[in-house]
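Student: Have a peek at entry15.tsv (TSV, C-alpha atoms).
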chain	number	residue	atom	x	y	z
A	1	MET	CA	0.00	0.00	0.00
A	2	ILE	CA	2.85	2.38	0.82
A	3	PHE	CA	4.52	1.66	-2.52
A	4	ILE	CA	1.27	2.28	-4.42
A	5	THR	CA	0.72	5.59	-2.60
A	6	LEU	CA	4.31	6.63	-3.30
A	7	GLU	CA	3.88	5.76	-6.97
A	8	HIS	CA	0.75	7.92	-7.24
A	9	ILE	CA	2.48	10.86	-5.55
A	10	LEU	CA	5.49	10.61	-7.87
A	11	ALA	CA	3.21	10.30	-10.90
A	12	HIS	CA	1.31	13.49	-10.05
A	13	VAL	CA	4.46	15.42	-9.13
A	14	SER	CA	6.34	14.36	-12.28
A	15	PHE	CA	3.43	15.18	-14.60
A	16	SER	CA	3.02	18.62	-13.04
A	17	LEU	CA	6.74	19.24	-13.50
A	18	ILE	CA	6.70	18.07	-17.12
A	19	PHE	CA	3.79	20.41	-17.85
A	20	VAL	CA	5.66	23.39	-16.37
A	21	ILE	CA	8.94	22.44	-18.10
A	22	THR	CA	7.14	22.16	-21.44
A	23	LEU	CA	5.82	25.71	-21.01
A	24	ILE	CA	9.32	26.87	-20.11
A	25	TYR	CA	10.79	25.39	-23.28
A	26	TRP	CA	8.05	26.86	-25.43
A	27	GLY	CA	8.95	30.17	-23.80
A	28	THR	CA	12.56	29.48	-24.74
A	29	LEU	CA	11.55	29.30	-28.39
A	30	LEU	CA	9.82	32.67	-28.14
A	31	TYR	CA	12.49	34.55	-26.20
A	32	LYS	CA	15.59	32.45	-26.99
A	33	SER	CA	16.63	32.68	-23.35
A	34	LYS	CA	19.57	30.58	-22.18
A	35	GLU	CA	18.40	31.07	-18.59
A	36	LEU	CA	15.06	29.45	-19.39
A	37	SER	CA	16.85	26.65	-21.23
A	38	ASN	CA	19.12	25.97	-18.25
A	39	SER	CA	16.14	25.91	-15.89
A	40	GLY	CA	14.36	23.50	-18.19
A	41	GLY	CA	17.42	21.24	-18.33
A	42	LYS	CA	17.56	21.02	-14.53
A	43	GLY	CA	13.84	20.34	-14.46
A	44	MET	CA	14.21	17.45	-16.91
A	45	ILE	CA	16.76	15.85	-14.57
A	46	VAL	CA	14.26	16.08	-11.68
A	47	ILE	CA	11.54	14.62	-13.91
A	48	CYS	CA	13.80	11.72	-14.89
A	49	ILE	CA	14.49	10.99	-11.22
A	50	CYS	CA	10.75	11.05	-10.39
A	51	ILE	CA	9.82	8.69	-13.22
A	52	THR	CA	12.71	6.41	-12.25
A	53	GLY	CA	11.16	6.32	-8.78
A	54	ILE	CA	7.79	5.36	-10.28
A	55	LEU	CA	9.28	2.49	-12.27
A	56	VAL	CA	11.41	1.21	-9.38
A	57	THR	CA	8.51	1.42	-6.93
A	58	ARG	CA	6.19	-0.42	-9.31
A	59	SER	CA	8.83	-3.08	-9.87
A	60	LEU	CA	9.20	-3.61	-6.11
A	61	TYR	CA	5.54	-4.20	-5.34
A	62	SER	CA	4.68	-6.04	-8.55
A	63	GLY	CA	7.65	-8.40	-8.43
A	64	HIS	CA	8.53	-7.98	-12.11
A	65	LEU	CA	9.93	-5.41	-14.51
A	66	PRO	CA	7.43	-2.60	-15.20
A	67	LEU	CA	7.10	-3.43	-18.90
A	68	SER	CA	4.06	-5.70	-18.92
A	69	ASN	CA	1.13	-3.44	-19.89
A	70	LEU	CA	0.29	-0.27	-21.77
A	71	TYR	CA	0.50	1.99	-18.71
A	72	GLU	CA	3.96	0.76	-17.78
A	73	SER	CA	5.23	0.99	-21.35
A	74	PHE	CA	4.01	4.59	-21.64
A	75	MET	CA	5.71	5.53	-18.39
A	76	PHE	CA	8.89	3.83	-19.59
A	77	LEU	CA	8.62	5.76	-22.86
A	78	SER	CA	8.27	9.03	-20.94
A	79	TRP	CA	11.36	8.11	-18.90
A	80	ILE	CA	13.34	7.42	-22.08
A	81	SER	CA	12.31	10.79	-23.53
A	82	SER	CA	13.72	12.54	-20.47
A	83	MET	CA	16.89	10.45	-20.69
A	84	ILE	CA	17.34	11.33	-24.36
A	85	HIS	CA	17.10	14.99	-23.44
A	86	ILE	CA	19.70	14.69	-20.68
A	87	VAL	CA	22.18	12.77	-22.86
A	88	ILE	CA	21.90	15.03	-25.91
A	89	TYR	CA	22.02	18.20	-23.83
A	90	GLU	CA	25.13	16.87	-22.10
A	91	LEU	CA	26.77	16.22	-25.48
A	92	TRP	CA	25.67	19.40	-27.28
A	93	GLY	CA	25.46	21.85	-24.38
A	94	GLN	CA	24.04	25.31	-25.06
A	95	ASP	CA	23.86	24.58	-28.78
A	96	ALA	CA	20.82	22.43	-27.97
A	97	TRP	CA	18.88	25.19	-26.19
A	98	TRP	CA	15.85	24.30	-28.33
A	99	LEU	CA	15.93	20.55	-27.58
A	100	GLY	CA	13.37	20.62	-24.77
A	101	ALA	CA	10.73	21.93	-27.17
A	102	ILE	CA	10.82	18.43	-28.70
A	103	THR	CA	11.64	16.12	-25.78
A	104	ALA	CA	9.56	17.77	-23.02
A	105	PRO	CA	6.23	17.63	-24.91
A	106	SER	CA	7.02	14.02	-25.88
A	107	ALA	CA	7.53	13.11	-22.22
A	108	MET	CA	4.42	15.07	-21.21
A	109	VAL	CA	2.12	13.46	-23.79
A	110	THR	CA	3.19	9.90	-23.01
A	111	HIS	CA	3.08	10.50	-19.25
A	112	GLY	CA	-0.28	12.25	-19.49
A	113	PHE	CA	-1.79	9.50	-21.62
A	114	ALA	CA	-0.70	6.88	-19.08
A	115	THR	CA	-1.95	8.71	-15.99
A	116	LEU	CA	-4.92	10.73	-17.26
A	117	VAL	CA	-6.36	8.87	-20.25
A	118	LEU	CA	-5.94	5.14	-19.64
A	119	PRO	CA	-8.71	3.59	-17.48
A	120	ASP	CA	-7.80	2.78	-13.87
A	121	LYS	CA	-8.03	-0.94	-14.65
A	122	MET	CA	-5.30	-0.64	-17.28
A	123	GLN	CA	-3.07	1.27	-14.85
A	124	GLN	CA	-3.11	-1.49	-12.25
A	125	SER	CA	-0.25	-3.96	-12.01
A	126	ALA	CA	-1.13	-7.62	-12.53
A	127	MET	CA	0.56	-10.99	-12.56
A	128	LEU	CA	2.49	-11.73	-15.72
A	129	VAL	CA	0.77	-14.07	-18.15
A	130	PRO	CA	2.82	-17.21	-18.92
A	131	ALA	CA	4.03	-15.87	-22.28
A	132	LEU	CA	5.61	-12.85	-20.54
A	133	GLN	CA	7.35	-14.88	-17.85
A	134	SER	CA	10.58	-14.98	-19.77
A	135	HIS	CA	14.05	-13.47	-19.60
A	136	TRP	CA	13.32	-12.07	-23.06
A	137	LEU	CA	10.85	-9.57	-21.54
A	138	MET	CA	13.54	-7.06	-20.62
A	139	MET	CA	15.61	-7.57	-23.77
A	140	HIS	CA	12.80	-7.36	-26.33
A	141	VAL	CA	10.41	-4.84	-24.79
A	142	SER	CA	13.10	-2.44	-23.57
A	143	MET	CA	14.84	-2.44	-26.97
A	144	ILE	CA	11.54	-1.81	-28.76
A	145	LEU	CA	10.60	1.07	-26.45
A	146	PHE	CA	14.06	2.63	-26.67
A	147	SER	CA	13.80	2.41	-30.45
A	148	TYR	CA	10.32	3.99	-30.46
A	149	ALA	CA	11.49	6.91	-28.31
A	150	THR	CA	14.59	7.64	-30.39
A	151	LEU	CA	12.76	7.22	-33.71
A	152	LEU	CA	9.98	9.55	-32.53
A	153	CYS	CA	12.59	12.11	-31.47
A	154	GLY	CA	14.19	11.90	-34.91
A	155	SER	CA	10.83	12.14	-36.68
A	156	LEU	CA	9.74	15.15	-34.61
A	157	SER	CA	13.07	16.82	-35.39
A	158	SER	CA	12.36	16.33	-39.08
A	159	ILE	CA	8.84	17.73	-38.72
A	160	ALA	CA	10.30	20.78	-36.95
A	161	PHE	CA	12.87	21.03	-39.76
A	162	LEU	CA	10.12	21.17	-42.39
A	163	VAL	CA	8.08	23.73	-40.44
A	164	ILE	CA	11.05	26.09	-39.96
A	165	MET	CA	12.26	25.51	-43.52
A	166	SER	CA	8.89	26.67	-44.85
A	167	GLN	CA	9.30	29.97	-42.98
A	168	ILE	CA	12.70	30.86	-44.44
A	169	ASN	CA	12.77	33.28	-47.32
A	170	GLN	CA	15.70	31.92	-49.31
A	171	LYS	CA	15.82	35.01	-51.53
A	172	ILE	CA	16.58	37.36	-48.65
A	173	PHE	CA	19.70	37.15	-46.50
A	174	SER	CA	19.20	38.37	-42.95
A	175	PHE	CA	20.46	37.61	-39.46
A	176	LYS	CA	17.08	36.06	-38.63
A	177	ASN	CA	17.29	33.71	-41.62
A	178	TYR	CA	20.90	32.89	-40.74
A	179	ARG	CA	19.88	31.74	-37.24
A	180	LYS	CA	17.12	29.64	-38.74
A	181	TRP	CA	19.60	27.99	-41.12
A	182	ILE	CA	21.81	27.09	-38.16
A	183	LEU	CA	18.80	25.66	-36.31
A	184	ILE	CA	17.55	23.53	-39.20
A	185	ASN	CA	21.06	22.15	-39.73
A	186	GLN	CA	21.12	21.10	-36.06
A	187	LEU	CA	17.65	19.55	-36.39
A	188	ASP	CA	18.76	17.68	-39.51
A	189	GLN	CA	21.81	16.28	-37.70
A	190	LEU	CA	19.76	15.34	-34.63
A	191	SER	CA	17.21	13.57	-36.78
A	192	TYR	CA	19.86	11.60	-38.66
A	193	ARG	CA	21.74	10.52	-35.53
A	194	THR	CA	18.70	9.56	-33.46
A	195	ILE	CA	17.08	7.68	-36.32
A	196	GLY	CA	20.33	5.80	-36.94
A	197	LEU	CA	20.40	4.76	-33.28
A	198	GLY	CA	16.68	4.00	-33.20
A	199	PHE	CA	16.91	1.87	-36.34
A	200	SER	CA	19.67	-0.24	-34.76
A	201	LEU	CA	17.63	-0.68	-31.57
A	202	LEU	CA	14.51	-1.58	-33.57
A	203	THR	CA	16.48	-4.21	-35.46
A	204	ILE	CA	17.67	-5.76	-32.18
A	205	GLY	CA	14.13	-5.56	-30.81
A	206	ILE	CA	12.61	-7.33	-33.81
A	207	LEU	CA	15.24	-10.08	-33.81
A	208	SER	CA	14.94	-10.70	-30.05
A	209	GLY	CA	11.15	-10.68	-30.42
A	210	ALA	CA	11.38	-13.36	-33.11
A	211	VAL	CA	13.41	-15.60	-30.80
A	212	TRP	CA	10.98	-15.00	-27.94
A	213	ALA	CA	7.99	-15.68	-30.22
A	214	ASN	CA	9.49	-19.03	-31.17
A	215	GLU	CA	9.81	-19.95	-27.51
A	216	ALA	CA	6.32	-18.75	-26.57
A	217	TRP	CA	4.25	-19.56	-29.66
A	218	GLY	CA	6.41	-21.99	-31.64
A	219	SER	CA	7.05	-19.69	-34.60
A	220	TYR	CA	9.67	-17.03	-35.29
A	221	TRP	CA	7.29	-14.98	-37.42
A	222	SER	CA	3.51	-15.26	-37.72
A	223	TRP	CA	2.59	-12.00	-39.51
A	224	ASP	CA	0.81	-10.80	-36.41
A	225	PRO	CA	-0.39	-7.17	-36.95
A	226	LYS	CA	2.21	-5.87	-34.49
A	227	GLU	CA	4.99	-7.77	-36.28
A	228	THR	CA	3.78	-6.57	-39.66
A	229	TRP	CA	3.67	-2.91	-38.65
A	230	ALA	CA	7.06	-3.21	-36.98
A	231	LEU	CA	8.45	-4.54	-40.26
A	232	ILE	CA	6.81	-1.70	-42.24
A	233	THR	CA	8.32	0.82	-39.80
A	234	TRP	CA	11.74	-0.84	-40.11
A	235	ILE	CA	11.54	-0.71	-43.94
A	236	LEU	CA	10.65	3.00	-43.94
A	237	PHE	CA	13.58	3.98	-41.75
A	238	ALA	CA	15.85	1.64	-43.74
A	239	ILE	CA	14.82	3.63	-46.84
A	240	TYR	CA	15.58	6.88	-44.98
A	241	LEU	CA	19.09	5.73	-44.04
A	242	HIS	CA	19.77	4.18	-47.46
A	243	THR	CA	18.75	7.28	-49.41
A	244	ARG	CA	20.66	9.53	-47.05
A	245	ILE	CA	23.89	7.52	-46.99
A	246	ASN	CA	24.00	6.09	-50.51
A	247	ARG	CA	21.91	8.53	-52.56
A	248	GLY	CA	23.07	11.72	-50.89
A	249	TRP	CA	19.61	12.77	-49.75
A	250	ASN	CA	19.59	15.31	-46.96
A	251	GLY	CA	17.57	18.24	-45.84
A	252	LYS	CA	13.99	18.43	-47.10
A	253	LYS	CA	13.83	15.09	-48.94
A	254	SER	CA	15.05	13.00	-46.05
A	255	ALA	CA	12.96	15.03	-43.58
A	256	ILE	CA	9.79	14.14	-45.47
A	257	VAL	CA	10.61	10.42	-45.27
A	258	ALA	CA	11.45	10.68	-41.56
A	259	SER	CA	8.24	12.59	-40.87
A	260	LEU	CA	6.20	9.70	-42.27
A	261	GLY	CA	7.90	7.51	-39.68
A	262	PHE	CA	6.16	9.48	-36.91
A	263	ILE	CA	2.80	8.11	-38.07
A	264	LEU	CA	4.10	4.57	-38.54
A	265	VAL	CA	5.70	4.37	-35.09
A	266	TRP	CA	2.51	5.46	-33.35
A	267	THR	CA	0.43	3.09	-35.48
A	268	CYS	CA	2.73	0.21	-34.61
A	269	TYR	CA	2.99	1.07	-30.93
A	270	LEU	CA	-0.45	2.35	-29.99
A	271	GLY	CA	-2.91	1.79	-32.83
A	272	VAL	CA	-2.60	-1.99	-32.97
A	273	ASP	CA	-2.67	-2.32	-29.17
A	274	LEU	CA	-5.76	-0.24	-28.48
A	275	LEU	CA	-7.77	-1.84	-31.27
A	276	GLY	CA	-7.23	-5.21	-29.59
A	277	ILE	CA	-5.80	-6.85	-32.70
A	278	GLY	CA	-3.39	-9.78	-32.58
A	279	LEU	CA	-1.28	-11.45	-29.94
A	280	HIS	CA	0.46	-8.23	-28.84
A	281	SER	CA	-2.69	-6.21	-28.11
A	282	TYR	CA	-3.77	-4.91	-24.74
A	283	GLY	CA	-7.28	-4.14	-25.93
A	284	TRP	CA	-9.33	-1.09	-25.02
A	285	LEU	CA	-11.20	0.49	-27.90
A	286	LEU	CA	-12.70	-2.83	-29.05
If you took the structure in this file and wrote it as structure tokens, what would it be?

Tutor:
Amino acid sequence: MIFITLEHILAHVSFSLIFVITLIYWGTLLYKSKELSNSGGKGMIVICICITGILVTRSLYSGHLPLSNLYESFMFLSWISSMIHIVIYELWGQDAWWLGAITAPSAMVTHGFATLVLPDKMQQSAMLVPALQSHWLMMHVSMILFSYATLLCGSLSSIAFLVIMSQINQKIFSFKNYRKWILINQLDQLSYRTIGLGFSLLTIGILSGAVWANEAWGSYWSWDPKETWALITWILFAIYLHTRINRGWNGKKSAIVASLGFILVWTCYLGVDLLGIGLHSYGWLL
């Protein structure tokens, strides 16, 4: 009971913080304030610690890794978003003053969906079904969720790239346009690097899932809707990397391809689950 109460407190505190930090980073975009950016960065560290507390607490009272249902996976996804922010900000420093405008809303939406939208029944911890009682749970599910978070970050960076690109008047040279060119170059690099990492993690996740499926269901691949959409997502990002590396695509062309990945990742992760289709579904809408 104490652990459950602590989890609820941490969930409410962390969501409130994420909401405030998101507003701070949106303010950073308007005023380009390094002070606001620094405050947001410290806030993201606190948020990461709070969500870590939620996951650890849930693991202690449930007796298994908190990766077994939709609520836990959303909280884990929110935690990864905060971790991505911390790592990139540590590597890029003040050059990534705009980063929180992408990562903070991502953490807020996933956290908010888990705590405010999902029914109470879906938020409760339960005993693992036999198929999930495997050492592959941590390997497969964690790799898939890490890949989703990094691919979404890359896709959102590409969407931001396209939005800012559309606002630049290429016929007029000005200091304002120059700053925008620097920003879209950073967004392009962030998208490429995070998608490259996410693609590798998705590959590991799919392969480990195939091995686990063979152990649990007797088949490496059964064209389950989740497997099919994961493959479609993998193919799209493979096309992105291939055209960028081998065909020299960059900028707008590659950003359009990466932006399509945003829809595919959410379809694969959430759409199939909530419609209650296939062996991987949690079921809710149907």

Student: In Å to one decimal, how far is CA of Tyr269 (chain A) from CA of Lys226 (chain A)?

Tutor: 7.8 Å

Student: Would you give the centre and edge lengths, in Å to one decimal, of a box along x, y and z around the listed atoms of region 105-108 of chain A, with 3 Å added to each side, as AutoDock Vina command-line options?

Tutor:
--center_x 6.0 --center_y 15.4 --center_z -23.5 --size_x 9.1 --size_y 10.5 --size_z 10.7

Student: Between A:Leu23, A:Met165, A:Ser147, A:Leu152, which is the closest to Arg179 (chain A) once you count all atoms listed in the file?

Tutor: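 Nearest candidate to Arg179 (chain A) out of A:Leu23, A:Met165, A:Ser147, A:Leu152: A:Met165.
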
Student: Name the residues in contact with Ile88 (chain A) at a cut-off of 10 Å, using all atoms listed in the file, excluding same-chain residues fewer than 5 positions from it; report them as a list in words.

Tutor: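 So the residues in contact are Met83, Gly93, Ala96, Leu99, Leu190 and Thr194 of chain A.
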
Student: Any idea what the distance is between CA of Ser62 (chain A) and CA of Leu137 (chain A)?

Tutor: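 Computing it gives 14.8 Å between the two atoms.
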
Student: One decimal, Å: what's the distance from CA of Thr243 (chain A) over to CA of Gln186 (chain A), could you say?

Tutor: 19.4 Å

Student: Tell me which protein, DNA and RNA residues are within 10 Å of Ile49 (chain A), counting all atoms listed in the file, leaving out same-chain ones fewer than 5 positions away, and put them as a PDB file with C-alpha atoms, keeping the file's coordinate frame.

Tutor:
ATOM      1  CA  LEU A  10       5.490  10.610  -7.870  1.00  0.00           C
ATOM      2  CA  SER A  14       6.340  14.360 -12.280  1.00  0.00           C
ATOM      3  CA  GLY A  43      13.840  20.340 -14.460  1.00  0.00           C
ATOM      4  CA  MET A  44      14.210  17.450 -16.910  1.00  0.00           C
ATOM      5  CA  ILE A  54       7.790   5.360 -10.280  1.00  0.00           C
ATOM      6  CA  TRP A  79      11.360   8.110 -18.900  1.00  0.00           C
ATOM      7  CA  SER A  82      13.720  12.540 -20.470  1.00  0.00           C
ATOM      8  CA  MET A  83      16.890  10.450 -20.690  1.00  0.00           C
TER       9      MET A  83
END

Student: Would you mind listing what lies within 8 Å of region 209-222 of chain A as a list in words, with all atoms listed in the file counted and same-chain residues fewer than 2 positions away left out?

Tutor: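 That gives Ala131, Trp136, His140, Gly205, Ile206, Leu207, Asp224 and Glu227 of chain A.
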
Student: Go through A:Gly27, A:Gly112, A:Gly154, A:Gly271 one by one, measure the shortest atom-to-atom distance of each to Leu77 (chain A) using only C-alpha atoms, and give the residue with the smallest value.

Tutor: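 The closest residue to Leu77 (chain A) is A:Gly112.
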
Student: With a distance cut-off of 9 Å and only C-alpha atoms, select the neighbouring residues of Ile144 (chain A), excluding the residue or stretch itself and same-chain residues fewer than 4 positions from it, and output the selection as a list in words.

Tutor: Met139, His140, Tyr148, Ala149, Gly198, Leu201, Leu202, Thr203, Ile204, Gly205 and Ile206 of chain A

Student: Output C-alpha atoms for every residue in that selection, as a PDB file, keeping the file's coordinate frame.

Tutor:
ATOM      1  CA  MET A 139      15.610  -7.570 -23.770  1.00  0.00           C
ATOM      2  CA  HIS A 140      12.800  -7.360 -26.330  1.00  0.00           C
ATOM      3  CA  TYR A 148      10.320   3.990 -30.460  1.00  0.00           C
ATOM      4  CA  ALA A 149      11.490   6.910 -28.310  1.00  0.00           C
ATOM      5  CA  GLY A 198      16.680   4.000 -33.200  1.00  0.00           C
ATOM      6  CA  LEU A 201      17.630  -0.680 -31.570  1.00  0.00           C
ATOM      7  CA  LEU A 202      14.510  -1.580 -33.570  1.00  0.00           C
ATOM      8  CA  THR A 203      16.480  -4.210 -35.460  1.00  0.00           C
ATOM      9  CA  ILE A 204      17.670  -5.760 -32.180  1.00  0.00           C
ATOM     10  CA  GLY A 205      14.130  -5.560 -30.810  1.00  0.00           C
ATOM     11  CA  ILE A 206      12.610  -7.330 -33.810  1.00  0.00           C
TER      12      ILE A 206
END

Student: For a quick check of understanding, using all atoms listed in the file, which of A:Met138, A:Leu17, A:Leu197, A:Val87 has the smallest distance to His111 (chain A)?

Tutor: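 Ranked by minimum distance to His111 (chain A), first place goes to A:Leu17.
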
Student: With all atoms listed in the file as the counted atoms, please give the residues lying no more than 9 Å from Val265 (chain A), apart from itself and same-chain residues fewer than 4 positions off, as a list in words.

Tutor: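 Contacts, with the query itself left out: Tyr148, Leu151, Leu152, Trp229, Ala230, Thr233, Leu260, Gly261, Tyr269 and Leu270 of chain A.
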
Student: Could you check which of A:Met122, A:Ile21, A:Ile159, A:Val117 is closest to Ser259 (chain A), using only C-alpha atoms?

Tutor: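 Of the candidates, the smallest distance to Ser259 (chain A) is held by A:Ile159.
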
Student: Just give me the residues with any atom within 6 Å of (18.8, 25.1, -31.0), file coordinates, counting only C-alpha atoms, written as a list of chain:residue names.

Tutor: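 Selection result: A:Asp95, A:Ala96, A:Trp97, A:Trp98, A:Leu183.
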
Student: Given only C-alpha atoms as the basis, pick out the residue of A:Arg247, A:Arg58, A:His135, A:Lys252 nearest to Thr5 (chain A).

Tutor: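 Residue with the minimum atom-to-atom distance to Thr5 (chain A): A:Arg58.
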
Student: Let me make sure I understand: among A:Lys121, A:Lys42, A:Lys34, A:Arg244, which one has the smallest atom-to-atom distance to Arg193 (chain A) if we use only C-alpha atoms?

Tutor: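 Closest residue, counting only C-alpha atoms: A:Arg244.
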